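Structure file entry.txt (compact mmCIF, C-alpha atoms) follows.
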```txt
# COMPACT_ATOMS: atom_id res chain seq x y z
CA MET A 546 33.08 53.41 94.13
CA VAL A 547 33.88 51.86 90.75
CA GLU A 548 31.02 49.83 89.34
CA LEU A 549 31.57 46.83 87.12
CA SER A 550 28.78 45.81 84.81
CA LYS A 551 27.70 42.20 84.58
CA SER A 552 28.89 42.22 80.96
CA ILE A 553 32.19 40.62 81.98
CA ASP A 554 31.48 37.13 80.70
CA VAL A 555 33.47 34.37 79.08
CA ASP A 556 32.90 35.87 75.61
CA ARG A 557 34.49 39.12 76.74
CA ILE A 558 37.37 37.17 78.26
CA ARG A 559 37.86 35.27 75.01
CA ALA A 560 37.83 38.56 73.10
CA ALA A 561 40.52 39.84 75.45
CA HIS A 562 42.53 36.70 74.72
CA GLU A 563 42.40 37.39 70.99
CA ARG A 564 43.41 41.03 71.58
CA ILE A 565 46.48 40.24 73.68
CA ARG A 566 47.56 36.95 72.13
CA ALA A 567 50.44 38.51 70.20
CA TYR A 568 51.81 40.25 73.29
CA ILE A 569 51.77 37.48 75.92
CA HIS A 570 52.93 33.90 76.41
CA ARG A 571 50.54 30.98 76.48
CA THR A 572 52.22 29.72 79.63
CA PRO A 573 52.90 26.03 80.24
CA VAL A 574 51.09 23.76 82.69
CA ILE A 575 53.49 21.68 84.78
CA THR A 576 52.87 18.60 86.92
CA SER A 577 54.91 16.78 89.55
CA GLU A 578 54.46 13.09 90.36
CA ARG A 579 56.02 13.62 93.79
CA MET A 580 53.62 16.42 94.68
CA ASN A 581 50.67 14.44 93.36
CA GLU A 582 51.63 11.47 95.52
CA THR A 583 52.18 13.67 98.57
CA ASN A 584 48.75 15.27 98.25
CA GLY A 585 46.68 12.40 96.86
CA ALA A 586 45.51 14.51 93.94
CA SER A 587 46.40 15.39 90.36
CA LEU A 588 47.80 18.94 90.48
CA PHE A 589 48.22 21.06 87.35
CA PHE A 590 50.26 24.23 87.85
CA LYS A 591 49.60 27.07 85.39
CA CYS A 592 53.00 28.79 85.32
CA GLU A 593 52.39 32.51 85.05
CA ASN A 594 55.87 32.97 86.52
CA PHE A 595 56.93 32.37 82.89
CA GLN A 596 54.60 35.13 81.64
CA LYS A 597 55.83 38.43 80.22
CA ILE A 598 57.05 40.67 83.11
CA GLY A 599 57.12 37.47 85.19
CA ALA A 600 53.48 37.54 86.28
CA PHE A 601 49.86 37.14 85.15
CA LYS A 602 49.41 40.91 85.44
CA ALA A 603 50.71 41.25 81.88
CA ARG A 604 47.36 39.89 80.68
CA GLY A 605 45.03 42.42 82.26
CA ALA A 606 47.24 45.45 81.76
CA THR A 607 47.83 44.67 78.09
CA ASN A 608 44.12 44.21 77.47
CA ALA A 609 43.31 47.47 79.24
CA VAL A 610 45.95 49.49 77.36
CA PHE A 611 44.99 48.12 73.95
CA THR A 612 41.27 48.78 74.43
CA LEU A 613 41.86 52.54 74.84
CA ASP A 614 40.89 54.73 71.89
CA GLU A 615 43.68 56.65 70.20
CA ALA A 616 42.89 60.06 71.71
CA THR A 617 42.74 58.67 75.23
CA ALA A 618 45.84 56.54 74.79
CA LYS A 619 47.95 59.50 73.66
CA ARG A 620 47.45 61.18 77.05
CA GLY A 621 49.07 58.16 78.70
CA VAL A 622 48.12 55.81 81.49
CA ALA A 623 48.66 55.81 85.24
CA THR A 624 48.31 53.37 88.09
CA HIS A 625 49.46 52.65 91.61
CA SER A 626 51.09 49.28 92.23
CA SER A 627 53.49 47.46 94.52
CA GLY A 628 55.17 46.06 91.44
CA ASN A 629 53.77 43.49 89.03
CA HIS A 630 50.79 45.51 87.78
CA GLY A 631 53.01 48.56 87.49
CA ALA A 632 55.51 46.65 85.37
CA ALA A 633 52.69 45.22 83.28
CA VAL A 634 51.19 48.66 82.60
CA ALA A 635 54.65 50.07 81.84
CA ARG A 636 55.34 47.29 79.34
CA ALA A 637 51.94 47.54 77.66
CA ALA A 638 52.31 51.32 77.37
CA LYS A 639 55.76 50.90 75.81
CA LEU A 640 54.33 48.43 73.30
CA ARG A 641 51.67 50.96 72.32
CA GLY A 642 54.10 53.88 72.39
CA ILE A 643 52.32 55.94 75.06
CA PRO A 644 53.48 57.42 78.42
CA ALA A 645 53.06 55.47 81.68
CA HIS A 646 53.12 56.91 85.22
CA ILE A 647 53.48 54.37 88.02
CA VAL A 648 52.96 55.26 91.69
CA MET A 649 54.83 52.75 93.89
CA PRO A 650 55.00 52.37 97.68
CA SER A 651 58.41 53.24 99.09
CA ASN A 652 58.80 49.67 100.41
CA SER A 653 58.24 47.96 97.06
CA ALA A 654 60.56 45.05 96.26
CA LYS A 655 63.68 46.24 94.46
CA VAL A 656 63.25 43.65 91.71
CA LYS A 657 59.82 45.11 90.92
CA ILE A 658 61.07 48.70 90.95
CA ARG A 659 63.82 47.74 88.50
CA ALA A 660 61.26 46.06 86.25
CA VAL A 661 59.09 49.19 86.05
CA GLU A 662 62.16 51.33 85.38
CA GLY A 663 63.28 48.95 82.67
CA TYR A 664 60.13 49.60 80.62
CA GLY A 665 60.74 53.34 80.69
CA ALA A 666 57.83 54.36 82.91
CA HIS A 667 57.90 57.42 85.17
CA ILE A 668 57.90 56.23 88.82
CA VAL A 669 56.49 58.31 91.66
CA PHE A 670 57.08 56.93 95.17
CA CYS A 671 54.64 57.29 98.05
CA GLU A 672 54.09 56.10 101.61
CA PRO A 673 53.16 52.41 101.82
CA THR A 674 49.45 52.86 102.54
CA GLU A 675 46.43 52.47 100.29
CA GLU A 676 45.36 56.04 101.01
CA ALA A 677 48.77 57.45 100.04
CA ARG A 678 48.86 55.41 96.84
CA GLU A 679 45.44 56.59 95.75
CA ALA A 680 46.11 60.22 96.65
CA LYS A 681 49.44 60.35 94.82
CA CYS A 682 47.98 58.63 91.78
CA ALA A 683 45.13 61.17 91.69
CA GLU A 684 47.74 63.95 91.74
CA VAL A 685 49.59 62.40 88.81
CA ILE A 686 46.39 62.04 86.79
CA GLU A 687 45.42 65.65 87.52
CA LYS A 688 48.80 66.87 86.27
CA THR A 689 49.15 64.65 83.21
CA GLY A 690 45.64 63.84 82.00
CA ALA A 691 46.57 60.16 82.00
CA THR A 692 43.90 57.45 82.29
CA LEU A 693 43.77 55.41 85.47
CA LEU A 694 44.22 51.67 84.92
CA HIS A 695 43.33 50.25 88.31
CA SER A 696 44.94 46.92 89.06
CA PHE A 697 41.66 45.14 89.85
CA GLU A 698 38.66 47.52 89.74
CA ASN A 699 38.69 47.66 85.94
CA GLU A 700 36.58 45.53 83.61
CA ASN A 701 39.24 45.22 80.93
CA VAL A 702 41.88 44.23 83.49
CA ILE A 703 39.57 41.55 84.91
CA ALA A 704 38.79 40.22 81.44
CA GLY A 705 42.49 40.01 80.67
CA GLN A 706 43.29 38.19 83.90
CA GLY A 707 40.58 35.64 83.14
CA THR A 708 42.50 34.49 80.07
CA ALA A 709 44.86 32.44 82.24
CA ALA A 710 41.96 30.28 83.42
CA VAL A 711 40.66 29.95 79.85
CA GLU A 712 44.02 28.57 78.75
CA LEU A 713 44.23 26.23 81.74
CA LEU A 714 40.76 24.81 81.18
CA GLU A 715 41.39 24.41 77.44
CA ASP A 716 44.71 22.63 78.02
CA ILE A 717 43.67 20.36 80.91
CA PRO A 718 40.32 18.59 80.51
CA GLY A 719 38.25 17.46 83.46
CA LEU A 720 39.46 19.87 86.13
CA GLU A 721 37.25 19.65 89.22
CA LEU A 722 38.80 22.51 91.21
CA ILE A 723 40.72 25.66 90.32
CA MET A 724 42.74 27.70 92.81
CA CYS A 725 44.43 31.07 92.85
CA PRO A 726 45.51 33.61 95.46
CA VAL A 727 43.45 36.71 96.22
CA GLY A 728 44.52 40.26 96.99
CA GLY A 729 42.49 42.95 95.25
CA GLY A 730 40.47 40.31 93.43
CA GLY A 731 41.22 40.97 89.76
CA LEU A 732 42.61 37.53 89.01
CA LEU A 733 40.04 35.76 91.18
CA SER A 734 37.17 37.64 89.51
CA GLY A 735 38.33 36.78 86.01
CA THR A 736 39.19 33.20 86.95
CA ALA A 737 35.82 32.57 88.57
CA ILE A 738 33.83 34.02 85.65
CA ALA A 739 35.81 32.02 83.10
CA ALA A 740 35.78 28.78 85.08
CA LYS A 741 32.10 28.80 86.00
CA SER A 742 31.15 29.66 82.41
CA MET A 743 33.31 27.02 80.77
CA ARG A 744 32.75 24.30 83.38
CA PRO A 745 29.76 25.11 85.62
CA GLN A 746 30.38 22.23 88.02
CA ILE A 747 33.96 23.26 88.81
CA LYS A 748 34.83 24.53 92.29
CA VAL A 749 36.67 27.85 92.53
CA ILE A 750 38.65 28.37 95.75
CA ALA A 751 40.97 31.24 96.60
CA ALA A 752 43.72 31.32 99.21
CA GLU A 753 44.84 34.31 101.24
CA PRO A 754 47.45 35.00 103.93
CA ALA A 755 45.93 34.87 107.41
CA ASN A 756 47.73 38.16 108.06
CA ALA A 757 45.80 39.81 105.21
CA ASP A 758 42.49 37.99 105.38
CA ASP A 759 39.98 40.70 104.46
CA THR A 760 38.50 38.62 101.63
CA ALA A 761 37.98 35.58 103.82
CA GLN A 762 36.39 37.73 106.53
CA SER A 763 34.20 39.48 103.95
CA PHE A 764 33.19 36.16 102.37
CA ARG A 765 32.04 34.80 105.74
CA ALA A 766 30.29 38.04 106.73
CA GLY A 767 28.50 38.40 103.40
CA ARG A 768 29.68 41.99 102.99
CA ARG A 769 32.96 43.67 102.12
CA LEU A 770 35.12 44.44 105.16
CA VAL A 771 38.21 46.65 105.10
CA THR A 772 40.80 45.36 107.56
CA GLU A 773 44.12 46.52 108.91
CA LYS A 774 46.87 44.36 107.43
CA LYS A 775 49.55 42.69 109.47
CA PHE A 776 52.81 42.03 107.67
CA THR A 777 52.73 39.25 105.10
CA ILE A 778 55.62 38.06 102.98
CA ALA A 779 53.11 37.78 100.12
CA ASP A 780 53.58 41.41 99.10
CA GLY A 781 51.23 41.15 96.14
CA LEU A 782 48.31 40.28 98.42
CA ARG A 783 48.43 43.17 100.88
CA THR A 784 45.52 44.99 99.23
CA ASN A 785 41.91 44.89 100.39
CA ILE A 786 39.55 43.34 97.88
CA GLY A 787 37.61 45.80 95.74
CA GLN A 788 33.86 46.13 96.26
CA PRO A 789 32.95 45.27 92.64
CA ASN A 790 35.39 42.35 92.73
CA PHE A 791 33.84 41.11 95.94
CA GLU A 792 30.42 41.11 94.31
CA ILE A 793 31.79 38.78 91.62
CA VAL A 794 33.37 36.61 94.33
CA GLN A 795 30.03 36.33 96.12
CA ARG A 796 28.38 35.12 92.89
CA CYS A 797 31.05 32.80 91.54
CA VAL A 798 33.52 31.63 94.22
CA ASP A 799 32.96 28.57 96.41
CA ASP A 800 35.34 29.27 99.28
CA ILE A 801 38.21 31.42 100.58
CA VAL A 802 40.81 29.80 102.84
CA THR A 803 43.69 31.36 104.77
CA VAL A 804 47.25 30.22 105.37
CA SER A 805 50.07 30.99 107.79
CA GLU A 806 53.26 32.85 106.93
CA GLU A 807 55.25 29.71 107.72
CA ALA A 808 53.19 27.70 105.24
CA ILE A 809 53.74 30.32 102.51
CA VAL A 810 57.50 30.09 102.92
CA SER A 811 57.39 26.30 103.06
CA ALA A 812 55.21 26.09 99.96
CA MET A 813 57.46 28.48 98.06
CA ARG A 814 60.53 26.48 98.94
CA THR A 815 58.84 23.16 98.12
CA ILE A 816 57.93 24.37 94.64
CA TRP A 817 61.43 25.75 94.05
CA GLU A 818 63.06 22.48 95.14
CA THR A 819 60.60 19.98 93.68
CA MET A 820 59.51 21.61 90.44
CA LYS A 821 62.78 23.49 89.80
CA ILE A 822 61.00 26.78 89.07
CA VAL A 823 61.15 30.20 90.74
CA ILE A 824 57.90 31.59 92.15
CA GLU A 825 57.28 34.57 94.40
CA PRO A 826 55.60 34.33 97.83
CA SER A 827 52.14 35.40 96.61
CA ALA A 828 52.20 32.60 94.04
CA ALA A 829 52.88 30.03 96.77
CA VAL A 830 49.75 30.84 98.77
CA PRO A 831 47.40 28.32 97.06
CA TYR A 832 49.88 25.49 97.52
CA ALA A 833 50.33 26.58 101.13
CA ALA A 834 46.60 25.97 101.57
CA ILE A 835 47.05 22.49 100.12
CA MET A 836 49.99 21.79 102.46
CA GLU A 837 47.95 22.95 105.46
CA ASN A 838 45.06 20.67 104.43
CA LYS A 839 42.65 23.59 104.15
CA ILE A 840 40.93 21.98 101.15
CA ASP A 841 39.68 18.46 100.47
CA LEU A 842 41.22 17.64 97.13
CA ARG A 843 41.80 13.89 97.49
CA GLU A 844 41.63 12.13 94.11
CA LYS A 845 40.61 15.36 92.39
CA ARG A 846 42.03 17.07 89.32
CA VAL A 847 43.11 20.49 90.55
CA GLY A 848 44.35 23.50 88.60
CA VAL A 849 46.60 25.93 90.49
CA ILE A 850 47.55 29.31 89.03
CA LEU A 851 51.13 30.18 89.98
CA THR A 852 50.78 33.93 89.67
CA GLY A 853 54.36 35.15 89.32
CA GLY A 854 58.06 34.69 89.81
CA ASN A 855 59.46 38.12 90.62
CA VAL A 856 61.60 37.49 93.68
CA ASP A 857 64.22 39.72 95.28
CA LEU A 858 67.10 37.23 95.33
CA ASP A 859 68.88 39.35 97.91
CA ALA A 860 66.02 38.86 100.36
CA LEU A 861 64.97 35.23 100.17
CA PRO A 862 62.86 34.01 103.12
CA TRP A 863 65.22 31.17 103.97
CA ASP A 864 68.93 30.81 104.67
CA LEU A 865 71.04 29.53 101.80
```
Starting from the file, lay out its structure as structure tokens.
Amino acid sequence: MVELSKSIDVDRIRAAHERIRAYIHRTPVITSERMNETNGASLFFKCENFQKIGAFKARGATNAVFTLDEATAKRGVATHSSGNHGAAVARAAKLRGIPAHIVMPSNSAKVKIRAVEGYGAHIVFCEPTEEAREAKCAEVIEKTGATLLHSFENENVIAGQGTAAVELLEDIPGLELIMCPVGGGGLLSGTAIAAKSMRPQIKVIAAEPANADDTAQSFRAGRRLVTEKKFTIADGLRTNIGQPNFEIVQRCVDDIVTVSEEAIVSAMRTIWETMKIVIEPSAAVPYAAIMENKIDLREKRVGVILTGGNVDLDALPWDL
């Protein structure tokens, strides 16, 4: 098991922000009067769908790649990913001029495969299971000598992901609640550490598909549970939370709520239609929780991290 030290704090997240500043966007925060009125709250959407590679993953991967020493970096980097983290690692490696090897499940979204290819990384496909991903990635590392950059069980990745929350809290004063989705827990870990450090009274709540609710089950049980996943349209959230990430969640997160597949689709469509921006299903999960009244946010100032906008336009979840 990977162990994360307790040295991931807001200072380390701020240092990551300085390191990656030249390579990422400081993404905008968007509001909607209609959505505020509908929900009886002031909602502030941090638009990581406008980030480099179309997702927040650019933050953590870039920080991880640029913290490697020269000798290690020259041997290249490797990871396994359903898409966004793979694209982020591929881009960061290209920026640093080092090789990248990305193991992807055979059922990865075509838009995400094209993104990884576009950054010049070497793709290796595998069966769509966690065991197959890890085994194939280990093979690649054995052959190439590349360094594993895990998508969530990596301190530098977590620190990089936390920079989105730092920006949000700097840009929007007085937030009382911050929300993001949870899959492996990299974003949630970084968000919770940053938020609780910068604003100790803030509530941190994550949302998860009911069909992939290992984090919610683990949170209630008080120990990490590995569950069999049913299908969820939120392809970025099909991973079980990491043990070290779960330990951070236990310390810093106030609640985990779950949402239906129907609510995810409805939330995604609502944001497309109302805010005129493209987000992917995983990014819609926190707003799905708001639509299903899973959280009491009446008259509160709420920050919502919209995690990405990489959508296969040939496979939209509604009829056009």
message = I'd like the contact shell of range 726-738 of chain A - 7 Å cut-off, only C-alpha atoms, skipping same-chain residues fewer than 5 positions apart - returned as a PyMOL selection string.
response = chain A and resi 554-555+697+703-704+706-707+710+749+751-753+781-787+790+793-794+797-798+827-828+830-831
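With distances restricted to all atoms listed in the file, A:Ile643 is the closest residue to Glu615 in chain A from A:Ala632, A:Ala709, A:Ile816, A:Ile643.
Counting all atoms listed in the file and comparing A:His630, A:Lys591, A:Arg796, A:Arg769, the residue that lies closest to Lys741 in chain A is A:Arg796.
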Please identify every residue of range 709-731 of chain A that has at least one atom no farther than 12 Å from an atom of range 574-581 of chain A, counting all atoms listed in the file, and for each give the shortest atom pair and the distance in Å to one decimal, arranged by chain then increasing number, as CSV.
```
residue,atom,partner,partner_atom,distance
A:Ala709,CA,A:Val574,CA,10.7
A:Ala710,CA,A:Val574,CA,11.2
A:Glu712,CA,A:Val574,CA,9.4
A:Leu713,CA,A:Val574,CA,7.4
A:Leu714,CA,A:Val574,CA,10.5
A:Glu715,CA,A:Val574,CA,11.0
A:Asp716,CA,A:Val574,CA,8.0
A:Ile717,CA,A:Val574,CA,8.4
```
Separating CA of Ala609 in chain A from CA of Pro745 in chain A, to the nearest tenth of an Å, is a gap of 26.9 Å
Counting all atoms listed in the file, closest pick from A:Thr777, A:Ser805, A:Thr583, A:Thr617 relative to Gly690 in chain A is A:Thr617
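Residue nearest Gln795 in chain A, chosen from A:Ser627, A:Thr572, A:Thr760, A:Thr607 and counting all atoms listed in the file: A:Thr760.
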Here CA of Ile778 in chain A and CA of Val810 in chain A stand apart by 8.2 Å
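With all atoms listed in the file as the atoms that count, the residue of A:Arg814, A:Arg571, A:Arg768, A:His695 with the shortest distance to Trp863 in chain A is A:Arg814.
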Among A:Gly848, A:Pro826, A:Gly665, A:Pro789, Ile747 in chain A is approached most closely, using all atoms listed in the file, by A:Gly848
Which residues are close to Arg620 in chain A, i.e. within 10 Å by only C-alpha atoms, leaving aside same-chain residues fewer than 6 positions away? Reply as a PDB file with C-alpha atoms, in the coordinates of the input.
```pdb
ATOM      1  CA  ILE A 643      52.320  55.940  75.060  1.00  0.00           C
ATOM      2  CA  PRO A 644      53.480  57.420  78.420  1.00  0.00           C
ATOM      3  CA  ALA A 645      53.060  55.470  81.680  1.00  0.00           C
ATOM      4  CA  ILE A 686      46.390  62.040  86.790  1.00  0.00           C
ATOM      5  CA  THR A 689      49.150  64.650  83.210  1.00  0.00           C
ATOM      6  CA  GLY A 690      45.640  63.840  82.000  1.00  0.00           C
ATOM      7  CA  ALA A 691      46.570  60.160  82.000  1.00  0.00           C
ATOM      8  CA  THR A 692      43.900  57.450  82.290  1.00  0.00           C
TER       9      THR A 692
END
```
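When CA of Gln788 in chain A is paired with CA of Pro754 in chain A, their separation reads 19.2 Å.
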Pick out the residues sitting within 9 Å of Ala603 in chain A, and hand them over as number ranges by chain; count only C-alpha atoms, and ignore anything fewer than 4 positions along from it in its own chain.
A: 568-569, 596-599, 607-608, 629-630, 632-634, 636-637, 705-706
